[in-house]
Amino acid sequence: MIACTIAGSDSGGGAGIQADVKTFQELGVFGTTAITALTAQNTLGVHDIHAVAPAFVVAQLDAILADFDVKAVKTGMLFSSDIIEAVASRLKVEHLPLIIDPVMIAKGGQSLLQQQAIDALKTYLLPLATVCTPNIPEAEALTGIVIDSEETMQQAASHLLACGVQYVVIKGGHAAGNTARDAIFTQHDAPFYVETSRADTKHTHGTGCTFSAAVTACIAKNLSVRDAIIEAKRFVDAAIKHPLGIGQGFGPTNHFAYNQKLAKENVYVL
Ligand SMILES: Nc1ncnc2c1ncn2[C@@H]1O[C@H](COP(=O)(O)OP(=O)(O)O)[C@@H](O)[C@H]1O
Ligand SMILES: Cc1ncc(COP(=O)(O)O)c(N)n1
């Protein structure tokens, strides 16, 4: 099985393209990559960004799609509206399952998406999305709705579904409480939730990238979207619960954990 990620490179290896390829590999999926930006990054933060020209992002996609039987595509850091428009017009003709992680801000606070690109994301890319996986601040930025209750979360999800997204996963990593609960909304069915206990850890660099890459890999392996989300939650939870303890800042998750004989916690589907 082959998947493709369109995202930024994290020189520190915990997020971005590197997290995606490691996750694909651990889930038995061959990873191909179209890189949108290089970041000079480690667990302490993003020190510099070098964007790739939109035409060269498309050239990478052309090369991949001309040769490989890609089963699912994900996007991560897209950086600019020019890159978003170029990627959207190239993907529009392919009709492949598309998982959009609307990466905006790194855990250290640095912006990974220019402010004016948020509109481009909504206009050009969200209509193509099978799954979109915002965290709470990203869902708020995309919709202009402050999420402080079940009701406002439902409103934000409805806004994103109206943009054309088939499954909206609002991730609960940033919420309070002792569970990590992600809410899944669809056009026709009632919402459902995937939940684990919350780890008390600062090693959460790349959690969102890892989760969305796992969803992509599982869809590439022909799981239903619902089962892909549940399995991805298992993958990211194992990666968070068994941190590697490397780096001096917000360390990376452990992409090896899912396949190692380490204790795995239950994922509750509610
Ligand atoms: N401390 C934690 N313990 C357990 N799961 C977590 C924790 N933080 C995040 N997660 C889970 O990791 C996944 C990514 O979520 P999140 O961290 O919100 O994404 P992002 O990296 O985009 O901010 C979600 O499934 C979320 O519930
Ligand atoms: C190149 C790149 N892409 C994405 C993220 C977001 O990381 P996180 O998953 O921790 O929000 C990052 N820090 N760097």
# chains A, B, ... in the order shown; residues from 1 in each chain; ligands from 1
$ residues_near_ligand --ligand "ligand 2" --cutoff "7 Å" --atoms "only C-alpha atoms and all ligand atoms" --output "list in words"
Ala7, Gly8, Ser9, Asp10, Ala15, Gly16, Ile17, Thr39, Gly76, Met77, Val103, Ile105, Ala106, Lys107, Thr204, His205, Gly206, Thr207, Gly208, Cys209 and Thr210 of chain A
$ write_last_selection --atoms "N, CA and C atoms" --output "CSV table (one decimal), in the first residue's frame"
chain,number,residue,atom,x,y,z
A,7,ALA,N,3.7,18.0,3.1
A,7,ALA,CA,3.9,18.7,4.4
A,7,ALA,C,5.3,19.3,4.5
A,8,GLY,N,5.6,19.9,5.7
A,8,GLY,CA,6.9,20.5,5.9
A,8,GLY,C,7.8,19.5,6.5
A,9,SER,N,9.1,19.7,6.3
A,9,SER,CA,10.1,18.9,6.9
A,9,SER,C,10.5,19.5,8.3
A,10,ASP,N,10.5,18.6,9.3
A,10,ASP,CA,11.0,19.0,10.7
A,10,ASP,C,12.4,18.4,10.9
A,15,ALA,N,7.9,15.8,14.1
A,15,ALA,CA,6.7,16.2,13.5
A,15,ALA,C,6.8,16.2,11.9
A,16,GLY,N,5.9,16.8,11.2
A,16,GLY,CA,6.0,17.0,9.8
A,16,GLY,C,6.2,15.7,9.0
A,17,ILE,N,6.9,15.9,7.9
A,17,ILE,CA,7.2,14.8,7.0
A,17,ILE,C,7.8,13.6,7.7
A,39,THR,N,11.9,23.3,7.7
A,39,THR,CA,12.0,24.0,8.9
A,39,THR,C,13.3,23.6,9.6
A,76,GLY,N,-0.2,18.4,5.7
A,76,GLY,CA,0.2,18.9,7.0
A,76,GLY,C,0.5,20.4,6.8
A,77,MET,N,1.7,20.8,7.1
A,77,MET,CA,2.1,22.3,7.0
A,77,MET,C,2.1,22.7,5.5
A,103,VAL,N,-2.5,22.3,9.9
A,103,VAL,CA,-1.4,22.7,10.8
A,103,VAL,C,-1.3,24.3,10.7
A,105,ILE,N,0.0,26.3,14.0
A,105,ILE,CA,1.0,26.9,14.9
A,105,ILE,C,1.8,25.7,15.6
A,106,ALA,N,3.1,25.8,15.6
A,106,ALA,CA,3.9,24.8,16.3
A,106,ALA,C,3.7,24.8,17.8
A,107,LYS,N,4.0,23.7,18.5
A,107,LYS,CA,3.8,23.7,20.0
A,107,LYS,C,4.6,24.8,20.6
A,204,THR,N,4.9,16.0,23.5
A,204,THR,CA,3.7,15.9,22.6
A,204,THR,C,4.1,16.6,21.2
A,205,HIS,N,5.3,16.7,20.9
A,205,HIS,CA,5.7,17.3,19.7
A,205,HIS,C,5.4,16.3,18.5
A,206,GLY,N,4.5,16.8,17.6
A,206,GLY,CA,4.2,15.9,16.5
A,206,GLY,C,3.0,15.0,16.7
A,207,THR,N,2.2,15.2,17.8
A,207,THR,CA,1.0,14.3,18.0
A,207,THR,C,0.0,14.4,16.9
A,208,GLY,N,-0.2,15.7,16.5
A,208,GLY,CA,-1.3,15.9,15.4
A,208,GLY,C,-0.8,15.3,14.1
A,209,CYS,N,0.4,15.5,13.8
A,209,CYS,CA,1.0,14.9,12.5
A,209,CYS,C,0.9,13.4,12.5
A,210,THR,N,1.3,12.8,13.7
A,210,THR,CA,1.3,11.4,13.8
A,210,THR,C,-0.1,10.8,13.7
$ residues_around --residues "range 123-135 of chain A" --least-positions-apart "2" --cutoff "9 Å" --atoms "only C-alpha atoms" --output "NGL selection string"
:A and (84-85 or 87-89 or 91-92 or 95-103 or 118-121 or 137-140 or 142 or 160-174 or 182 or 208 or 211-212 or 215 or 225)
$ select_by_dssp --residues "range 119-156 of chain A" --states "helix (DSSP H, G or I)" --output "number ranges by chain"
A: 119-128, 136-143, 150-156
$ select_by_dssp --residues "range 85-228 of chain A" --states "strand (DSSP E or B)" --output "list in words"
Leu98, Ile99, Ile100, Ile105, Ser111, Leu113, Val131, Cys132, Asn135, Tyr167, Val168, Val169, Ile170, Lys171, Thr179, Ala180, Arg181, Asp182, Ala183, Ile184, Phe185, Thr186, Phe192, Tyr193, Val194, Glu195, Thr196, Ser197 and His205 of chain A
$ residues_around --residues "Thr216 in chain A" --least-positions-apart "4" --cutoff "9 Å" --atoms "only C-alpha atoms" --output "NGL selection string"
:A and (3-5 or 24 or 71-74 or 97-99 or 211-212 or 220-221 or 228 or 232)
